[in-house]
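S.K.: Right, I'll just put the structure down here and ask away after.
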Amino acid sequence: MAKEVIFGTPFETGAILGETEKADSLEHWQTEQGEKLVFRCPLAENDIVYGLGEQVRGIDKRGGRYVSYNTDNPNHTDDMLSMYGSHNLIVVDGDKHFGAFFDTPSRVLFEIDWQNSGEITVTCDGNVKVIELTGESSYAIVKEFLSLIGRSYIPPLWAFGFGQSRWGYKRQKDFDEVADGYRNANIPLDWICMDIDYMDRFIDFTVNKKRFPDLKGYAESLRKRGIRLVPIVDAGVKIEPGNDTYDTGVQNNYFCTNHEGGFFKAAVWPGMTHFPDFFQPAVREWFGNEYRKLTDLGIEGFWNDMNEPAIFYSEYTGIFNALTPAPTLESEKESNAYKDYRNFYHNINGQRVLHEKVHNLYGALMTQAAGEQLDKILPNRYLLFSRASYVGAHRYGGIWTGDNASEWDHLVRNVKMMPSLNMVGFLYSGADTGGFGGNCGRELMLRWLAFSVFTPLMRNHSALLTKKQECFRYADNEDFAGVISLRYKLLPYIYSEFVKAALGGDMYIKPLSFEYGDERSRRVEDQLLVGDSIMIAPFVQKGRKTREVWLPEDMTEVRYDGKSFSCQKAESGEHTVSAQLNEVVFYIRKGKCVPVTRGAQCTDEVNLDDVVLLGDGKEYRQYVDDGLTKRVSADNIRLLRRK
Ligand code: MIG
């Protein structure tokens, strides 16, 4: 049972939905109340510390320092403090197993055996609700946590197809080039993202009419080819009298306010903007309904960006220090955005609340705003993923992991981050495949795709001015068609495992240690369990055609060469495994099965009922539906028996 202990007057974040037992004190933590509130717990030498969701450094958080404070910072290195989301769960795994969720929307510092202190310290302001979790294993604790935070968002089947994106697609012909490029090369594709240039001067919910004279007709024509358009929506609304979104926002006081009580102004892509005050239910309803302007044109999916919120400069901080990097704890320098977080207010139940105090919830509430209304507007399930997040937003949408780079280290970080994201409920997630910044070469792209095949969100995205990285542009692009075809063949499994995990309050991607108790498995960070049957060991090193793989038990090794599967038995123990760039090797756990289907160019062509089973198990429980229905229930599970 989970225990809830209240310190001060915590802000109700909405993260925890389930029942907890109210208590006066924590079992595993000492608390010290000074200027800040500090929680302390000792670590044994062999303890692993899991959690923190979207954070750097790996599955085991030991040795690091992390700050929950949603930040737009593209320099994803192991010493960065804050990413785009805040997910304050930590789980200590050793002789004892216990976890704690620090539920507060303001800044939290986690120091986990930092400077070899031999302890964890968690520092925050005095107001926090702590959920203490106990269980017989870390996995049990995580499952208990997942049951408390409510069911994960479930996207439509097409959102499990492959998506192509790039900042810089402007006109219809840019999208045609992508659609034609993929279809002509027979590389599967289900959706293309529209980045900020589809809008009229970056104004939310507008469409640039010169570039898209008839977006509705265009979306329909792409839809006939099995491709959907997924536009971006930014948090800031351009100050533009005459624009309906702006005017309505101003008339109803829907925007955040400044010290003087006027609307807060800050510059982002559209120039000066106001930020919707998502803390007000009426604002969420209004803003969510604005998506109608695009769903009316046939759009069924969105990505929400800049919702930490990112701020380039404001009336307070000025344009000249706009490029100050995000701060370190020691440095005096603070980014503009951080200063601005003390310069605007929300109206929360009639109270003026400084943004800084509730900062980590802003993006989550934007996701909620969109998700709640899209659910009402659209007849079918929608695609939605966000950059900023807090626990709770996972019920309305997924997240992508922001502005990574085309570097091998970033692929490694993607691999290690996935299980942590699953621990905090964000099942539908993934990174910019190939890397956002920088220039992605052929080898890195193929290896990255071979990993992304297994992540629920599989999207190739890159930044303005970088080398073009659509798969059809690379030499011998049949290799790319081959790797991506695996995704489509595995869809019956990926979709079924995802939905079962969501319905069952489970993880979709897990560390090996959550299933295998031996010390060797406990330390593995470069292999993952994907669903209940598959283990992967991605190739994440440049120039390497072989790698070491640890098999905790006998498994079936599956080798896919872009066309067909070949299976062989592999004994437990250490192996050296080879894979060419056009190959993907994965493993099926002992006694388990994986349903696979025929290849397809898009999910429209995928028949989830037409499967064969790989692996040495006797049966598989497959979740199947039409991929769109809102009625997602365990009744849609069918039992497949090996003949
Ligand atoms: O300041 O919309 O993370 O995916 O391409 C950059 C342009 C704004 C940041 C997102 C990225 C997107 C980009 N956006």
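Residues are named by chain letter and number: chains run A, B, ... in the order of the structure tokens, numbers start at 1 in each chain, and ligands are numbered from 1 in the order shown.
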Leaving out Thr546 in chain A and any residue of its chain fewer than 2 positions from it, which residues lie within 9 Å of it when counting only C-alpha atoms, given as a PyMOL selection string?

M.R.: chain A and resi 539+544+548+576-580

S.K.: Any chance you could export the current selection's N, CA, C and O atoms as a PDB file, in the first residue's frame?

M.R.:
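The resulting file, selection.pdb, is reproduced below:
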ATOM      1  N   PHE A 539      22.602  -2.059 -31.402  1.00  0.00           N
ATOM      2  CA  PHE A 539      23.970  -1.714 -31.774  1.00  0.00           C
ATOM      3  C   PHE A 539      24.101  -0.195 -31.703  1.00  0.00           C
ATOM      4  O   PHE A 539      23.461   0.517 -32.460  1.00  0.00           O
ATOM      5  N   ARG A 544      30.929  -0.637 -35.437  1.00  0.00           N
ATOM      6  CA  ARG A 544      30.916  -1.989 -34.881  1.00  0.00           C
ATOM      7  C   ARG A 544      29.870  -2.862 -35.559  1.00  0.00           C
ATOM      8  O   ARG A 544      28.704  -2.504 -35.634  1.00  0.00           O
ATOM      9  N   GLU A 548      28.714  -7.458 -27.556  1.00  0.00           N
ATOM     10  CA  GLU A 548      28.491  -8.456 -26.511  1.00  0.00           C
ATOM     11  C   GLU A 548      27.024  -8.408 -26.108  1.00  0.00           C
ATOM     12  O   GLU A 548      26.452  -7.331 -25.956  1.00  0.00           O
ATOM     13  N   THR A 576      28.894 -13.144 -28.341  1.00  0.00           N
ATOM     14  CA  THR A 576      29.292 -12.079 -29.249  1.00  0.00           C
ATOM     15  C   THR A 576      28.406 -12.223 -30.472  1.00  0.00           C
ATOM     16  O   THR A 576      28.357 -13.283 -31.080  1.00  0.00           O
ATOM     17  N   VAL A 577      27.684 -11.165 -30.760  1.00  0.00           N
ATOM     18  CA  VAL A 577      26.675 -11.247 -31.811  1.00  0.00           C
ATOM     19  C   VAL A 577      27.029 -10.272 -32.908  1.00  0.00           C
ATOM     20  O   VAL A 577      27.525  -9.173 -32.646  1.00  0.00           O
ATOM     21  N   SER A 578      26.795 -10.671 -34.142  1.00  0.00           N
ATOM     22  CA  SER A 578      27.086  -9.745 -35.230  1.00  0.00           C
ATOM     23  C   SER A 578      25.800  -9.328 -35.929  1.00  0.00           C
ATOM     24  O   SER A 578      24.828 -10.080 -35.962  1.00  0.00           O
ATOM     25  N   ALA A 579      25.793  -8.131 -36.445  1.00  0.00           N
ATOM     26  CA  ALA A 579      24.683  -7.668 -37.276  1.00  0.00           C
ATOM     27  C   ALA A 579      25.215  -6.681 -38.290  1.00  0.00           C
ATOM     28  O   ALA A 579      25.880  -5.703 -37.939  1.00  0.00           O
ATOM     29  N   GLN A 580      24.935  -6.946 -39.549  1.00  0.00           N
ATOM     30  CA  GLN A 580      25.267  -5.985 -40.608  1.00  0.00           C
ATOM     31  C   GLN A 580      24.305  -4.802 -40.496  1.00  0.00           C
ATOM     32  O   GLN A 580      23.301  -4.871 -39.788  1.00  0.00           O
TER      33      GLN A 580
END

S.K.: Name all residues at most 9 Å from Met458 in chain A (count only C-alpha atoms; drop same-chain ones fewer than 6 positions away) and give them as a ChimeraX atom specification.

M.R.: /A:159-164,429-433,449,452

S.K.: Taking N, CA, C and O atoms for each residue, export the selection above as a PDB file, in the first residue's frame.

M.R.:
ATOM      1  N   ALA A 159      -0.455   5.768 -35.251  1.00  0.00           N
ATOM      2  CA  ALA A 159       0.600   6.466 -34.520  1.00  0.00           C
ATOM      3  C   ALA A 159       1.768   5.526 -34.195  1.00  0.00           C
ATOM      4  O   ALA A 159       2.826   5.971 -33.757  1.00  0.00           O
ATOM      5  N   PHE A 160       1.555   4.231 -34.389  1.00  0.00           N
ATOM      6  CA  PHE A 160       2.648   3.262 -34.227  1.00  0.00           C
ATOM      7  C   PHE A 160       3.359   3.025 -35.556  1.00  0.00           C
ATOM      8  O   PHE A 160       4.299   2.254 -35.635  1.00  0.00           O
ATOM      9  N   GLY A 161       2.836   3.662 -36.611  1.00  0.00           N
ATOM     10  CA  GLY A 161       3.539   3.617 -37.884  1.00  0.00           C
ATOM     11  C   GLY A 161       4.725   4.566 -37.835  1.00  0.00           C
ATOM     12  O   GLY A 161       4.929   5.282 -36.852  1.00  0.00           O
ATOM     13  N   PHE A 162       5.499   4.586 -38.899  1.00  0.00           N
ATOM     14  CA  PHE A 162       6.692   5.421 -38.942  1.00  0.00           C
ATOM     15  C   PHE A 162       6.324   6.846 -39.352  1.00  0.00           C
ATOM     16  O   PHE A 162       5.522   7.053 -40.259  1.00  0.00           O
ATOM     17  N   GLY A 163       6.887   7.836 -38.653  1.00  0.00           N
ATOM     18  CA  GLY A 163       6.629   9.237 -38.959  1.00  0.00           C
ATOM     19  C   GLY A 163       7.890   9.948 -39.435  1.00  0.00           C
ATOM     20  O   GLY A 163       8.994   9.656 -38.975  1.00  0.00           O
ATOM     21  N   GLN A 164       7.714  10.856 -40.385  1.00  0.00           N
ATOM     22  CA  GLN A 164       8.849  11.660 -40.864  1.00  0.00           C
ATOM     23  C   GLN A 164       8.585  13.114 -40.539  1.00  0.00           C
ATOM     24  O   GLN A 164       7.460  13.603 -40.683  1.00  0.00           O
ATOM     25  N   SER A 429       6.407   7.104 -26.114  1.00  0.00           N
ATOM     26  CA  SER A 429       7.509   8.049 -26.175  1.00  0.00           C
ATOM     27  C   SER A 429       8.588   7.542 -27.116  1.00  0.00           C
ATOM     28  O   SER A 429       8.589   6.379 -27.528  1.00  0.00           O
ATOM     29  N   GLY A 430       9.495   8.434 -27.441  1.00  0.00           N
ATOM     30  CA  GLY A 430      10.594   8.101 -28.339  1.00  0.00           C
ATOM     31  C   GLY A 430      11.416   9.356 -28.566  1.00  0.00           C
ATOM     32  O   GLY A 430      11.006  10.450 -28.182  1.00  0.00           O
ATOM     33  N   ALA A 431      12.579   9.173 -29.170  1.00  0.00           N
ATOM     34  CA  ALA A 431      13.472  10.303 -29.428  1.00  0.00           C
ATOM     35  C   ALA A 431      13.407  10.668 -30.912  1.00  0.00           C
ATOM     36  O   ALA A 431      12.839   9.928 -31.718  1.00  0.00           O
ATOM     37  N   ASP A 432      13.986  11.790 -31.270  1.00  0.00           N
ATOM     38  CA  ASP A 432      14.134  12.145 -32.678  1.00  0.00           C
ATOM     39  C   ASP A 432      15.129  11.155 -33.290  1.00  0.00           C
ATOM     40  O   ASP A 432      16.343  11.253 -33.068  1.00  0.00           O
ATOM     41  N   THR A 433      14.610  10.237 -34.065  1.00  0.00           N
ATOM     42  CA  THR A 433      15.466   9.209 -34.651  1.00  0.00           C
ATOM     43  C   THR A 433      16.412   9.851 -35.668  1.00  0.00           C
ATOM     44  O   THR A 433      15.979  10.620 -36.525  1.00  0.00           O
ATOM     45  N   LEU A 449      17.433   3.616 -36.367  1.00  0.00           N
ATOM     46  CA  LEU A 449      16.134   3.079 -36.790  1.00  0.00           C
ATOM     47  C   LEU A 449      15.921   1.677 -36.212  1.00  0.00           C
ATOM     48  O   LEU A 449      14.822   1.332 -35.773  1.00  0.00           O
ATOM     49  N   SER A 452      14.702   2.260 -32.872  1.00  0.00           N
ATOM     50  CA  SER A 452      13.396   2.930 -32.823  1.00  0.00           C
ATOM     51  C   SER A 452      12.245   2.030 -33.284  1.00  0.00           C
ATOM     52  O   SER A 452      11.089   2.300 -32.954  1.00  0.00           O
TER      53      SER A 452
END

S.K.: Using only C-alpha atoms and all ligand atoms, what are the residues with an atom within 8 Å of ligand 1, set out as a list in words?

M.R.: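 The neighbouring residues of ligand 1 are, in order, Asp72, Arg166, Trp167, Asp195, Ile196, Ile232, Asp234, Val268, Trp269, Asp305, Met306, Ala310, Arg387, Gly402, Asp403, Asp432, Phe436, His461, Ser462, Ala463 and Leu464 of chain A.
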
S.K.: Any chance you could export the current selection's N, CA, C and O atoms as a PDB file, in the first residue's frame?

M.R.:
ATOM      1  N   ASP A  72      14.088  24.066 -21.708  1.00  0.00           N
ATOM      2  CA  ASP A  72      14.381  23.912 -23.131  1.00  0.00           C
ATOM      3  C   ASP A  72      15.885  24.036 -23.308  1.00  0.00           C
ATOM      4  O   ASP A  72      16.407  25.133 -23.394  1.00  0.00           O
ATOM      5  N   ARG A 166      10.667  17.208 -40.152  1.00  0.00           N
ATOM      6  CA  ARG A 166      11.857  18.060 -40.240  1.00  0.00           C
ATOM      7  C   ARG A 166      11.426  19.500 -40.098  1.00  0.00           C
ATOM      8  O   ARG A 166      10.423  19.918 -40.674  1.00  0.00           O
ATOM      9  N   TRP A 167      12.210  20.217 -39.326  1.00  0.00           N
ATOM     10  CA  TRP A 167      11.975  21.652 -39.195  1.00  0.00           C
ATOM     11  C   TRP A 167      12.518  22.283 -40.469  1.00  0.00           C
ATOM     12  O   TRP A 167      13.726  22.178 -40.725  1.00  0.00           O
ATOM     13  N   ASP A 195       6.048  21.216 -39.138  1.00  0.00           N
ATOM     14  CA  ASP A 195       6.684  22.076 -38.130  1.00  0.00           C
ATOM     15  C   ASP A 195       6.176  23.510 -38.317  1.00  0.00           C
ATOM     16  O   ASP A 195       5.303  23.760 -39.157  1.00  0.00           O
ATOM     17  N   ILE A 196       6.711  24.441 -37.559  1.00  0.00           N
ATOM     18  CA  ILE A 196       6.107  25.783 -37.436  1.00  0.00           C
ATOM     19  C   ILE A 196       5.841  26.549 -38.735  1.00  0.00           C
ATOM     20  O   ILE A 196       5.049  27.482 -38.737  1.00  0.00           O
ATOM     21  N   ILE A 232       2.284  20.984 -35.663  1.00  0.00           N
ATOM     22  CA  ILE A 232       2.808  21.399 -34.362  1.00  0.00           C
ATOM     23  C   ILE A 232       1.918  22.523 -33.813  1.00  0.00           C
ATOM     24  O   ILE A 232       1.319  23.281 -34.575  1.00  0.00           O
ATOM     25  N   ASP A 234       2.406  25.514 -30.782  1.00  0.00           N
ATOM     26  CA  ASP A 234       3.287  26.112 -29.775  1.00  0.00           C
ATOM     27  C   ASP A 234       2.462  26.730 -28.648  1.00  0.00           C
ATOM     28  O   ASP A 234       1.303  27.087 -28.836  1.00  0.00           O
ATOM     29  N   VAL A 268       8.681  34.527 -28.442  1.00  0.00           N
ATOM     30  CA  VAL A 268       9.019  33.190 -28.925  1.00  0.00           C
ATOM     31  C   VAL A 268       8.967  33.267 -30.459  1.00  0.00           C
ATOM     32  O   VAL A 268       9.140  34.366 -31.002  1.00  0.00           O
ATOM     33  N   TRP A 269       8.715  32.191 -31.173  1.00  0.00           N
ATOM     34  CA  TRP A 269       8.784  32.228 -32.647  1.00  0.00           C
ATOM     35  C   TRP A 269       7.904  33.291 -33.297  1.00  0.00           C
ATOM     36  O   TRP A 269       8.320  33.959 -34.236  1.00  0.00           O
ATOM     37  N   ASP A 305       4.631  21.925 -28.657  1.00  0.00           N
ATOM     38  CA  ASP A 305       6.034  22.295 -28.441  1.00  0.00           C
ATOM     39  C   ASP A 305       6.125  23.576 -27.614  1.00  0.00           C
ATOM     40  O   ASP A 305       5.133  24.280 -27.404  1.00  0.00           O
ATOM     41  N   MET A 306       7.332  23.883 -27.156  1.00  0.00           N
ATOM     42  CA  MET A 306       7.682  25.151 -26.496  1.00  0.00           C
ATOM     43  C   MET A 306       6.880  25.366 -25.213  1.00  0.00           C
ATOM     44  O   MET A 306       6.669  26.493 -24.772  1.00  0.00           O
ATOM     45  N   ALA A 310       9.159  27.610 -23.176  1.00  0.00           N
ATOM     46  CA  ALA A 310      10.400  28.206 -23.654  1.00  0.00           C
ATOM     47  C   ALA A 310      10.151  29.690 -23.879  1.00  0.00           C
ATOM     48  O   ALA A 310       9.082  30.082 -24.339  1.00  0.00           O
ATOM     49  N   ARG A 387       6.405  18.185 -25.683  1.00  0.00           N
ATOM     50  CA  ARG A 387       7.802  18.259 -25.254  1.00  0.00           C
ATOM     51  C   ARG A 387       7.867  18.340 -23.733  1.00  0.00           C
ATOM     52  O   ARG A 387       8.494  17.500 -23.092  1.00  0.00           O
ATOM     53  N   GLY A 402      12.835  15.615 -27.051  1.00  0.00           N
ATOM     54  CA  GLY A 402      13.384  16.936 -27.344  1.00  0.00           C
ATOM     55  C   GLY A 402      14.582  16.942 -28.275  1.00  0.00           C
ATOM     56  O   GLY A 402      14.838  15.979 -28.998  1.00  0.00           O
ATOM     57  N   ASP A 403      15.326  18.048 -28.192  1.00  0.00           N
ATOM     58  CA  ASP A 403      16.344  18.337 -29.194  1.00  0.00           C
ATOM     59  C   ASP A 403      17.668  17.626 -28.943  1.00  0.00           C
ATOM     60  O   ASP A 403      18.634  18.207 -28.464  1.00  0.00           O
ATOM     61  N   ASP A 432      13.986  11.790 -31.270  1.00  0.00           N
ATOM     62  CA  ASP A 432      14.134  12.145 -32.678  1.00  0.00           C
ATOM     63  C   ASP A 432      15.129  11.155 -33.290  1.00  0.00           C
ATOM     64  O   ASP A 432      16.343  11.253 -33.068  1.00  0.00           O
ATOM     65  N   PHE A 436      18.247  15.349 -33.844  1.00  0.00           N
ATOM     66  CA  PHE A 436      17.661  16.634 -34.257  1.00  0.00           C
ATOM     67  C   PHE A 436      18.763  17.568 -34.764  1.00  0.00           C
ATOM     68  O   PHE A 436      18.799  17.939 -35.920  1.00  0.00           O
ATOM     69  N   HIS A 461      13.270  12.968 -37.092  1.00  0.00           N
ATOM     70  CA  HIS A 461      13.094  14.425 -37.058  1.00  0.00           C
ATOM     71  C   HIS A 461      14.457  15.097 -37.043  1.00  0.00           C
ATOM     72  O   HIS A 461      15.397  14.578 -36.447  1.00  0.00           O
ATOM     73  N   SER A 462      14.566  16.235 -37.710  1.00  0.00           N
ATOM     74  CA  SER A 462      15.851  16.943 -37.730  1.00  0.00           C
ATOM     75  C   SER A 462      15.621  18.443 -37.784  1.00  0.00           C
ATOM     76  O   SER A 462      14.531  18.902 -38.105  1.00  0.00           O
ATOM     77  N   ALA A 463      16.677  19.167 -37.461  1.00  0.00           N
ATOM     78  CA  ALA A 463      16.576  20.626 -37.333  1.00  0.00           C
ATOM     79  C   ALA A 463      16.833  21.320 -38.660  1.00  0.00           C
ATOM     80  O   ALA A 463      17.464  20.777 -39.578  1.00  0.00           O
ATOM     81  N   LEU A 464      16.351  22.523 -38.717  1.00  0.00           N
ATOM     82  CA  LEU A 464      16.630  23.458 -39.793  1.00  0.00           C
ATOM     83  C   LEU A 464      18.135  23.467 -40.076  1.00  0.00           C
ATOM     84  O   LEU A 464      18.941  23.437 -39.138  1.00  0.00           O
TER      85      LEU A 464
END

S.K.: Please, what distance in Å, to one decimal, runs between CA of Leu52 in chain A and CA of Val412 in chain A?

M.R.: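 The value is 17.2 Å.
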
S.K.: Taking only range 293-416 of chain A into account, list the residues labelled strand (DSSP E) by DSSP (computed from the backbone), as a ChimeraX atom specification.

M.R.: /A:301-305,313-314,345-348,351-354,383-386,389-390,398-400

S.K.: With distances taken over only C-alpha atoms, which residue among A:Gly18, A:Gly126, A:Pro42, A:Pro379 lies nearest Arg107 in chain A?

M.R.: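 With only C-alpha atoms as the atom set, the closest residue is A:Gly126.
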
S.K.: Taking a cut-off of 10 Å and counting only C-alpha atoms, can you build a table that, for each residue of range 109-157 of chain A near range 514-518 of chain A, reports the nearest atom pair and how far apart they are in Å (one decimal), sorted by chain then residue number, as JSON lines?

M.R.:
{"residue": "A:Ser137", "atom": "CA", "partner": "A:Phe514", "partner_atom": "CA", "distance": 8.0}
{"residue": "A:Ser138", "atom": "CA", "partner": "A:Phe514", "partner_atom": "CA", "distance": 7.0}
{"residue": "A:Tyr139", "atom": "CA", "partner": "A:Phe514", "partner_atom": "CA", "distance": 5.3}
{"residue": "A:Ala140", "atom": "CA", "partner": "A:Phe514", "partner_atom": "CA", "distance": 8.8}
{"residue": "A:Val142", "atom": "CA", "partner": "A:Phe514", "partner_atom": "CA", "distance": 9.8}

S.K.: Next, the residues of the selection above should be written as a short mmCIF file (atom, residue, chain, number, x, y, z; two decimals), in the first residue's frame with N, CA and C atoms.

M.R.:
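Generated file (result-v6.cif):
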data_model
loop_
_atom_site.label_atom_id
_atom_site.label_comp_id
_atom_site.auth_asym_id
_atom_site.auth_seq_id
_atom_site.Cartn_x
_atom_site.Cartn_y
_atom_site.Cartn_z
N SER A 137 9.69 -5.87 -4.84
CA SER A 137 10.72 -5.64 -5.86
C SER A 137 10.53 -4.24 -6.43
N SER A 138 11.54 -3.77 -7.14
CA SER A 138 11.41 -2.46 -7.78
C SER A 138 10.29 -2.48 -8.80
N TYR A 139 10.18 -3.60 -9.50
CA TYR A 139 9.13 -3.72 -10.50
C TYR A 139 7.75 -3.62 -9.84
N ALA A 140 7.58 -4.29 -8.71
CA ALA A 140 6.30 -4.23 -8.00
C ALA A 140 6.00 -2.80 -7.55
N VAL A 142 7.09 -0.01 -8.98
CA VAL A 142 6.74 0.78 -10.16
C VAL A 142 5.29 0.48 -10.58
#
